[in-house]
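Chemist: I am sharing model.tsv, which consists of TSV, C-alpha atoms and all ligand atoms:
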```tsv
chain	number	residue	atom	x	y	z
A	22	MET	CA	-30.48	4.48	-11.57
A	23	SER	CA	-28.52	3.26	-8.56
A	24	TRP	CA	-25.97	0.53	-8.98
A	25	GLU	CA	-25.03	-1.89	-6.23
A	26	GLY	CA	-21.82	-3.90	-6.21
A	27	PRO	CA	-19.05	-5.30	-4.06
A	28	GLY	CA	-17.59	-2.66	-1.74
A	29	PHE	CA	-14.32	-0.88	-2.43
A	30	VAL	CA	-11.47	-1.92	-0.17
A	31	ASP	CA	-8.26	0.06	0.27
A	32	HIS	CA	-5.51	-2.42	1.09
A	33	HIS	CA	-2.81	0.21	1.59
A	34	ALA	CA	-3.43	3.65	3.06
A	35	HIS	CA	-1.99	5.92	5.72
A	36	LEU	CA	-5.40	7.20	6.72
A	37	LEU	CA	-5.17	6.87	10.51
A	38	ARG	CA	-1.94	8.81	10.76
A	39	MET	CA	-3.28	11.56	8.48
A	40	ALA	CA	-6.51	11.73	10.48
A	41	ALA	CA	-4.42	12.04	13.65
A	42	GLY	CA	-2.39	14.88	12.14
A	43	ARG	CA	0.78	12.80	11.93
A	44	PRO	CA	1.84	12.88	8.25
A	45	PRO	CA	4.67	10.54	7.21
A	46	ALA	CA	8.13	11.72	8.24
A	47	CYS	CA	9.45	11.94	4.68
A	48	ALA	CA	8.09	15.51	4.47
A	49	ASP	CA	6.46	16.61	1.25
A	50	PRO	CA	5.99	13.58	-1.04
A	51	SER	CA	5.81	15.95	-4.01
A	52	ASP	CA	9.39	17.14	-3.34
A	53	PRO	CA	11.65	14.34	-4.70
A	54	GLU	CA	14.86	15.97	-3.43
A	55	ALA	CA	13.53	16.08	0.14
A	56	VAL	CA	12.31	12.49	-0.05
A	57	ALA	CA	15.67	11.32	-1.47
A	58	ALA	CA	17.55	13.11	1.32
A	59	TYR	CA	15.25	11.49	3.90
A	60	HIS	CA	15.75	8.01	2.43
A	61	ARG	CA	19.56	8.47	2.37
A	62	ARG	CA	19.55	9.66	5.99
A	63	VAL	CA	17.49	6.69	7.12
A	64	GLU	CA	19.71	4.27	5.18
A	65	GLU	CA	22.85	5.79	6.74
A	66	ARG	CA	21.62	4.96	10.23
A	67	TRP	CA	20.78	1.37	9.22
A	68	SER	CA	17.10	2.07	9.75
A	69	THR	CA	14.07	1.94	7.44
A	70	PRO	CA	11.04	4.26	7.18
A	71	MET	CA	9.03	1.58	9.06
A	72	ASP	CA	11.57	1.54	11.90
A	73	GLU	CA	11.92	5.25	12.62
A	74	ARG	CA	10.96	6.37	16.12
A	75	GLU	CA	8.02	8.75	16.36
A	76	ARG	CA	6.64	11.01	19.07
A	77	PRO	CA	4.10	8.97	21.10
A	78	LEU	CA	0.40	9.63	20.49
A	79	ASP	CA	-1.86	10.91	23.24
A	80	VAL	CA	-4.86	8.62	23.30
A	81	ASP	CA	-7.70	10.97	24.14
A	82	ASP	CA	-11.07	12.21	22.89
A	83	ARG	CA	-9.36	14.41	20.32
A	84	LEU	CA	-7.60	11.40	18.77
A	85	ARG	CA	-10.69	9.16	18.91
A	86	GLY	CA	-12.80	11.88	17.27
A	87	ALA	CA	-10.19	12.51	14.57
A	88	LEU	CA	-9.93	8.82	13.72
A	89	GLU	CA	-13.69	8.43	13.57
A	90	ARG	CA	-13.97	11.40	11.18
A	91	GLY	CA	-11.18	9.97	9.00
A	92	LEU	CA	-12.97	6.63	8.75
A	93	ALA	CA	-16.29	8.34	8.05
A	94	ARG	CA	-14.65	10.22	5.17
A	95	ALA	CA	-13.48	6.86	3.73
A	96	ALA	CA	-17.05	5.55	3.87
A	97	GLU	CA	-18.35	8.66	2.08
A	98	LEU	CA	-15.92	7.89	-0.74
A	99	GLY	CA	-17.35	4.37	-1.18
A	100	LEU	CA	-14.88	2.35	0.86
A	101	VAL	CA	-16.07	-0.44	3.15
A	102	GLU	CA	-12.63	-1.36	4.47
A	103	ILE	CA	-9.24	0.30	4.82
A	104	THR	CA	-5.87	-1.14	5.73
A	105	GLU	CA	-3.39	1.07	7.54
A	106	ALA	CA	-0.09	0.13	5.89
A	107	GLY	CA	2.21	0.69	8.80
A	108	MET	CA	0.74	1.54	12.22
A	109	HIS	CA	3.51	3.45	13.99
A	110	ASP	CA	1.94	3.67	17.44
A	111	TRP	CA	-0.12	1.19	19.48
A	112	GLY	CA	-2.23	4.16	20.56
A	113	TYR	CA	-4.14	3.93	17.28
A	114	LEU	CA	-5.34	0.44	18.17
A	115	GLU	CA	-6.23	1.54	21.68
A	116	ALA	CA	-8.30	4.46	20.33
A	117	LEU	CA	-10.00	2.28	17.70
A	118	LEU	CA	-10.87	-0.38	20.29
A	119	ALA	CA	-12.56	2.34	22.37
A	120	LEU	CA	-14.52	3.55	19.33
A	121	ARG	CA	-15.45	-0.01	18.44
A	122	ALA	CA	-16.75	-0.65	21.97
A	123	ARG	CA	-19.41	1.98	21.27
A	124	GLY	CA	-20.62	0.32	18.03
A	125	PRO	CA	-19.70	-0.44	14.42
A	126	LEU	CA	-16.93	1.68	12.87
A	127	PRO	CA	-17.71	3.73	9.71
A	128	VAL	CA	-15.55	1.27	7.72
A	129	ARG	CA	-13.81	-1.97	8.58
A	130	VAL	CA	-10.17	-1.46	9.61
A	131	ARG	CA	-7.18	-3.72	9.08
A	132	LEU	CA	-3.82	-2.92	10.65
A	133	PHE	CA	-0.32	-3.76	9.51
A	134	VAL	CA	1.95	-2.93	12.43
A	135	ALA	CA	5.11	-1.02	11.46
A	136	SER	CA	8.19	-3.22	11.86
A	137	GLY	CA	9.68	-0.68	14.29
A	138	ILE	CA	7.02	-1.26	16.97
A	139	ALA	CA	5.99	-4.84	16.17
A	140	GLU	CA	6.89	-7.40	18.83
A	141	PRO	CA	5.74	-11.01	18.57
A	142	GLN	CA	4.51	-10.96	22.21
A	143	ARG	CA	2.49	-7.81	21.71
A	144	MET	CA	0.70	-8.91	18.53
A	145	GLN	CA	-2.79	-10.17	19.21
A	146	ALA	CA	-5.73	-10.77	16.90
A	147	THR	CA	-9.05	-9.23	17.94
A	148	GLY	CA	-11.28	-11.72	16.10
A	149	ASP	CA	-13.51	-8.76	15.24
A	150	PRO	CA	-14.54	-8.27	11.59
A	151	TRP	CA	-14.66	-4.48	12.15
A	152	LEU	CA	-11.14	-4.11	13.49
A	153	GLU	CA	-8.34	-6.59	13.06
A	154	VAL	CA	-4.57	-6.72	13.31
A	155	VAL	CA	-3.37	-8.61	10.24
A	156	GLY	CA	0.40	-8.51	10.19
A	157	VAL	CA	3.65	-6.60	10.01
A	158	LYS	CA	4.86	-4.08	7.45
A	159	PHE	CA	8.51	-3.90	6.42
A	160	TYR	CA	10.17	-1.45	4.03
A	161	ALA	CA	12.80	-2.61	1.54
A	162	ASP	CA	13.58	0.35	-0.74
A	163	GLY	CA	12.74	3.96	-1.62
A	164	TRP	CA	10.53	5.46	-4.32
A	165	LEU	CA	10.81	5.89	-8.08
A	166	GLY	CA	10.46	9.70	-8.37
A	167	PRO	CA	13.38	10.49	-6.01
A	168	ARG	CA	15.40	7.66	-7.67
A	169	THR	CA	15.67	5.81	-4.35
A	170	CYS	CA	13.88	2.59	-5.29
A	171	ALA	CA	16.42	-0.24	-5.61
A	172	VAL	CA	16.95	-1.21	-9.26
A	173	ARG	CA	19.06	-3.99	-10.79
A	174	GLU	CA	20.52	-1.73	-13.50
A	175	PRO	CA	21.34	1.94	-12.80
A	176	PHE	CA	18.69	4.58	-13.47
A	177	ALA	CA	18.75	5.72	-17.11
A	178	ASP	CA	19.38	9.31	-16.04
A	179	ARG	CA	21.75	8.55	-13.10
A	180	PRO	CA	24.77	6.51	-14.26
A	181	GLY	CA	26.01	4.18	-11.52
A	182	ASP	CA	23.05	4.86	-9.20
A	183	THR	CA	20.97	1.77	-8.34
A	184	GLY	CA	18.92	3.37	-5.56
A	185	VAL	CA	18.55	2.55	-1.87
A	186	LEU	CA	17.98	-0.91	-0.39
A	187	PHE	CA	17.14	-0.64	3.30
A	188	LEU	CA	17.07	-4.39	4.02
A	189	ASP	CA	18.92	-7.31	2.44
A	190	ALA	CA	17.19	-10.68	2.07
A	191	ASP	CA	18.81	-12.27	5.12
A	192	THR	CA	17.96	-9.35	7.37
A	193	LEU	CA	14.35	-9.18	6.18
A	194	ALA	CA	13.97	-12.96	6.57
A	195	ARG	CA	15.45	-12.91	10.07
A	196	ARG	CA	13.17	-10.07	11.17
A	197	ALA	CA	10.01	-11.40	9.51
A	198	ASP	CA	10.45	-14.98	10.67
A	199	PRO	CA	9.14	-14.71	14.29
A	200	PHE	CA	5.95	-13.06	12.99
A	201	ALA	CA	5.52	-15.45	10.05
A	202	GLU	CA	5.93	-18.35	12.49
A	203	ARG	CA	2.93	-17.07	14.48
A	204	GLY	CA	0.80	-16.76	11.36
A	205	TRP	CA	0.95	-12.99	10.83
A	206	THR	CA	0.87	-11.70	7.25
A	207	ILE	CA	4.12	-10.09	6.11
A	208	ALA	CA	3.88	-7.08	3.78
A	209	THR	CA	7.00	-5.38	2.45
A	210	HIS	CA	7.34	-2.13	0.50
A	211	ALA	CA	9.33	-2.93	-2.68
A	212	ILE	CA	9.18	-0.69	-5.75
A	213	GLY	CA	12.36	-1.39	-7.75
A	214	ASP	CA	13.16	-4.73	-9.41
A	215	ARG	CA	16.21	-5.25	-7.13
A	216	ALA	CA	14.03	-4.71	-4.06
A	217	ILE	CA	11.27	-7.00	-5.34
A	218	GLU	CA	13.86	-9.71	-6.01
A	219	THR	CA	15.30	-9.24	-2.51
A	220	VAL	CA	11.87	-9.53	-0.90
A	221	LEU	CA	11.07	-12.68	-2.89
A	222	ASP	CA	14.41	-14.15	-1.78
A	223	ALA	CA	13.51	-13.34	1.82
A	224	TYR	CA	10.02	-14.84	1.49
A	225	GLU	CA	11.52	-18.02	0.06
A	226	LEU	CA	13.87	-18.23	3.06
A	227	VAL	CA	11.04	-17.65	5.54
A	228	PHE	CA	8.22	-19.68	4.02
A	229	GLY	CA	9.83	-22.22	1.68
A	230	GLY	CA	7.10	-24.38	0.18
A	231	ASP	CA	4.41	-22.86	2.44
A	232	CYS	CA	4.65	-19.43	0.84
A	233	ALA	CA	1.35	-19.55	-1.07
A	234	ALA	CA	-0.58	-20.50	2.08
A	235	ALA	CA	0.95	-17.58	4.00
A	236	ALA	CA	0.30	-15.18	1.08
A	237	PRO	CA	2.93	-12.57	2.01
A	238	ARG	CA	2.64	-9.27	0.14
A	239	VAL	CA	4.80	-7.03	-1.97
A	240	GLU	CA	3.60	-3.43	-1.62
A	241	HIS	CA	3.76	-1.41	-4.88
A	242	ALA	CA	5.66	-3.90	-7.12
A	243	GLN	CA	6.22	-1.22	-9.75
A	244	VAL	CA	9.41	-1.98	-11.67
A	245	LEU	CA	8.55	-5.48	-12.86
A	246	ALA	CA	10.42	-7.97	-15.04
A	247	SER	CA	9.20	-11.25	-16.48
A	248	ASP	CA	11.33	-13.36	-14.10
A	249	LEU	CA	9.89	-11.50	-11.08
A	250	VAL	CA	6.32	-11.87	-12.31
A	251	ARG	CA	6.88	-15.60	-12.78
A	252	ARG	CA	8.43	-15.97	-9.33
A	253	MET	CA	5.58	-14.09	-7.65
A	254	ALA	CA	3.12	-16.41	-9.36
A	255	ASP	CA	5.12	-19.56	-8.49
A	256	LEU	CA	5.56	-18.55	-4.84
A	257	GLY	CA	1.98	-17.32	-4.36
A	258	VAL	CA	3.07	-13.83	-3.29
A	259	VAL	CA	0.32	-11.17	-3.35
A	260	ALA	CA	0.94	-7.84	-5.11
A	261	CYS	CA	-0.65	-4.74	-3.57
A	262	VAL	CA	-0.68	-2.07	-6.30
A	263	GLN	CA	-1.75	1.57	-6.44
A	264	PRO	CA	-4.31	2.38	-9.15
A	265	THR	CA	-3.14	5.97	-9.67
A	266	PHE	CA	0.63	5.37	-9.61
A	267	GLY	CA	1.08	4.29	-13.24
A	268	VAL	CA	-0.48	7.58	-14.29
A	269	ALA	CA	1.22	9.77	-11.68
A	270	ASP	CA	4.66	8.26	-12.40
A	271	ALA	CA	4.31	7.86	-16.20
A	272	ASP	CA	6.69	10.69	-17.14
A	273	ALA	CA	9.19	9.98	-14.36
A	274	ALA	CA	9.23	6.25	-15.17
A	275	ARG	CA	10.20	6.82	-18.80
A	276	VAL	CA	13.09	9.10	-17.80
A	277	ALA	CA	14.26	7.09	-14.79
A	278	LEU	CA	13.96	3.63	-16.30
A	279	GLY	CA	14.48	4.14	-20.03
A	280	PRO	CA	12.09	2.76	-22.64
A	281	ASP	CA	12.59	-1.01	-22.15
A	282	ARG	CA	12.20	-1.11	-18.38
A	283	ALA	CA	9.44	1.51	-18.43
A	284	GLU	CA	7.53	-0.78	-20.79
A	285	ARG	CA	7.48	-3.51	-18.12
A	286	ALA	CA	6.74	-1.23	-15.15
A	287	TYR	CA	3.26	-0.78	-13.63
A	288	ARG	CA	2.08	-3.76	-15.68
A	289	TRP	CA	-0.56	-5.11	-13.31
A	290	ASP	CA	-2.01	-6.89	-16.37
A	291	THR	CA	1.10	-9.08	-16.63
A	292	LEU	CA	0.75	-10.00	-12.95
A	293	LEU	CA	-2.89	-10.97	-13.45
A	294	ASP	CA	-2.10	-12.86	-16.67
A	295	ALA	CA	0.53	-14.86	-14.77
A	296	GLY	CA	-1.98	-15.75	-12.06
A	297	VAL	CA	-0.60	-13.47	-9.32
A	298	ARG	CA	-3.21	-12.34	-6.79
A	299	VAL	CA	-3.41	-8.56	-7.08
A	300	VAL	CA	-5.10	-6.26	-4.56
A	301	ALA	CA	-5.19	-2.47	-4.60
A	302	GLY	CA	-4.60	0.38	-2.20
A	303	SER	CA	-4.52	4.13	-2.68
A	304	ASP	CA	-1.37	4.86	-0.63
A	305	PHE	CA	-3.24	7.97	0.59
A	306	PRO	CA	-1.94	10.68	1.21
A	307	VAL	CA	0.50	10.10	-1.67
A	308	ALA	CA	-2.58	9.68	-3.90
A	309	PRO	CA	-6.29	10.50	-3.46
A	310	LEU	CA	-8.26	8.22	-1.12
A	311	SER	CA	-11.23	8.04	-3.52
A	312	PRO	CA	-11.46	4.55	-5.03
A	313	LEU	CA	-13.44	5.93	-7.96
A	314	ALA	CA	-10.52	8.24	-8.76
A	315	GLY	CA	-8.22	5.21	-8.68
A	316	LEU	CA	-10.61	3.22	-10.82
A	317	GLN	CA	-10.73	5.95	-13.46
A	318	CYS	CA	-6.91	6.07	-13.64
A	319	LEU	CA	-6.77	2.29	-14.06
A	320	LEU	CA	-9.33	2.43	-16.86
A	321	THR	CA	-7.99	5.41	-18.82
A	322	GLY	CA	-4.25	5.38	-18.08
A	323	ASP	CA	-4.57	9.17	-18.03
A	324	HIS	CA	-4.70	11.91	-15.40
A	325	LEU	CA	-8.03	12.67	-13.72
A	326	ASP	CA	-8.18	16.08	-15.41
A	327	GLY	CA	-7.86	14.40	-18.81
A	328	ARG	CA	-4.17	15.14	-19.39
A	329	ARG	CA	-2.64	12.27	-21.31
A	330	ALA	CA	-0.24	9.96	-19.41
A	331	GLY	CA	-0.36	6.82	-21.52
A	332	ALA	CA	-0.04	4.52	-18.49
A	333	PRO	CA	-0.94	0.81	-18.69
A	334	THR	CA	-4.66	0.16	-18.18
A	335	LEU	CA	-6.96	-2.61	-16.99
A	336	ALA	CA	-10.40	-3.53	-18.32
A	337	LEU	CA	-13.29	-2.62	-15.99
A	338	ASP	CA	-14.00	-6.16	-14.78
A	339	ARG	CA	-10.33	-6.72	-13.86
A	340	ALA	CA	-10.01	-3.29	-12.25
A	341	LEU	CA	-13.11	-3.85	-10.12
A	342	ALA	CA	-11.90	-7.31	-9.16
A	343	VAL	CA	-8.66	-5.94	-7.69
A	344	MET	CA	-10.33	-2.94	-5.99
A	345	THR	CA	-13.39	-4.53	-4.40
A	346	ASP	CA	-14.33	-7.36	-2.06
A	347	ALA	CA	-17.91	-8.56	-1.75
A	348	GLY	CA	-17.01	-10.22	1.56
A	349	ALA	CA	-16.08	-6.83	3.05
A	350	GLY	CA	-19.32	-5.13	2.13
A	351	THR	CA	-21.43	-3.46	-0.54
A	352	VAL	CA	-21.31	-0.09	-2.26
A	353	VAL	CA	-24.25	1.73	-3.83
A	354	LEU	CA	-23.31	4.15	-6.62
A	355	GLY	CA	-25.39	6.67	-8.53
A	356	ASP	CA	-24.37	5.07	-11.81
A	357	ASP	CA	-23.10	1.74	-13.09
A	358	PRO	CA	-19.37	2.26	-13.81
A	359	ALA	CA	-19.89	0.26	-17.03
A	360	GLY	CA	-22.56	2.70	-18.12
A	361	VAL	CA	-20.57	5.96	-18.03
A	362	ALA	CA	-17.59	7.13	-20.09
A	363	GLU	CA	-14.26	5.95	-18.63
A	364	ASP	CA	-13.18	9.52	-17.97
A	365	GLU	CA	-16.31	10.22	-15.94
A	366	VAL	CA	-15.97	7.33	-13.47
A	367	ALA	CA	-14.32	9.48	-10.78
A	368	GLY	CA	-17.38	11.71	-10.77
A	369	ILE	CA	-19.90	8.95	-10.05
A	370	GLU	CA	-21.84	9.72	-6.90
A	371	VAL	CA	-21.45	7.40	-3.91
A	372	GLU	CA	-24.87	6.81	-2.37
A	373	GLU	CA	-23.87	4.40	0.35
A	374	ALA	CA	-21.08	2.15	1.60
A	375	ARG	CA	-22.28	-0.79	3.69
A	376	PRO	CA	-19.43	-2.62	5.43
A	377	ALA	CA	-20.11	-6.26	6.27
A	378	GLY	CA	-20.33	-6.55	10.07
B	401	ZN	ZN	2.46	3.47	1.72
```
Take the structure I supplied and represent it as structure tokens, if you would.
Ligand SMILES: [Zn+2]
Modeler:
Amino acid sequence: MSWEGPGFVDHHAHLLRMAAGRPPACADPSDPEAVAAYHRRVEERWSTPMDERERPLDVDDRLRGALERGLARAAELGLVEITEAGMHDWGYLEALLALRARGPLPVRVRLFVASGIAEPQRMQATGDPWLEVVGVKFYADGWLGPRTCAVREPFADRPGDTGVLFLDADTLARRADPFAERGWTIATHAIGDRAIETVLDAYELVFGGDCAAAAPRVEHAQVLASDLVRRMADLGVVACVQPTFGVADADAARVALGPDRAERAYRWDTLLDAGVRVVAGSDFPVAPLSPLAGLQCLLTGDHLDGRRAGAPTLALDRALAVMTDAGAGTVVLGDDPAGVAEDEVAGIEVEEARPAG
């Protein structure tokens, strides 16, 4: 029996750059030493991963074809909309506009422009539901696995080491302000509690009492604390979380954070309980693009192959609420996710994804 429901949306992916054959510069995400070295190098030159120069794209048939195939793959997996979390070259928009001129795209596309190429004068909305520029992406700290996320207390296994903070609150506020002023959404990568606090400080400086209306985002929001959860709720800041990360990072989080902090990390339930708006994104290629794979991880707290991780979980209705958007389209599945065992959700067949045009 087919099941029809609100379409899956991926609010944070690096799909376009992967489709174009331009993987992120941090090298192999599964090699923490290499990622840590990259983050330290970038920090030393006062840059951030969203500000690094990249080789310009050639906008040609090859690129247009590759992007179209990447988007078609997303639709096959049940997505009706993807957000590129950091567009590093305006050539992507140019290629997508050309594809769009020929007809609907396989999925709706939203673009956060990387802070390194964003200029207030160059930012322009398309007004097109299929393809829209939504804002600017900044990058405040590193990642948990390589111990480069910025934490308030040193890592449990690295005395004295509190990670890497690429941007302080004043700098982030100063850089975000011209875009915020023109109504663009600001999204900032912040994984550690020190980085999340810094980003909230910056958002308070930029938006003051208008923060909830602007709905700026914290990407990842992994190492949480009750004061940060409260502040996000009070300010009206949106959390964009990754359904597979609690599972993928479960072992590393316990070692890096120690038991007390690990207990409060990846707790999307505490964000929802506090009234924070939570949306989800895969962070592909760091994690699988399949939303059903993400959904299964959120439900079970365990690895897709059944290995136990013991990560925090969400109930199905909450998980679907953060991963789908009826306004973006409809998905038709081979089975009702409520009607199969939690550890079989990733295997549900996608019959159709129908983006709302
Ligand atoms: Zn990302």
Chemist: Could you work out how far atom CA of A:Ala41 lies from atom CA of A:Glu153, giving the answer in Å with one decimal?
Modeler: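 Atom CA of A:Glu153 sits 19.0 Å away from atom CA of A:Ala41.
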Chemist: If you count only C-alpha atoms and all ligand atoms, which residues end up within 10 Å of ligand ZN 401 (chain B), as a ChimeraX atom specification?
Modeler: /A:32-35,45,105-107,158,160,209-210,240-241,263,302-308
Chemist: How big is the axis-aligned box around the listed atoms of stretch 43-48 of chain A once 8 Å is added on each side, and where is its centre? Give both in Å to one decimal, as lines of an AutoDock Vina configuration file.
Modeler:
```
center_x = 5.1
center_y = 13.0
center_z = 8.2
size_x = 24.7
size_y = 21.0
size_z = 23.5
```
Chemist: Can you list, as a ChimeraX atom specification, every protein, DNA or RNA residue that comes within 8 Å of A:Glu363 when you count only C-alpha atoms, leaving out same-chain residues fewer than 3 positions away?
Modeler: /A:317,320-321,358,366
Chemist: Hey, which of A:Gly99, A:Gly184, A:Gly91, A:Pro175 ends up closest to A:His60? Count all atoms listed in the file.
Modeler: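 Answer, going by the shortest atom-to-atom distance: A:Gly184.
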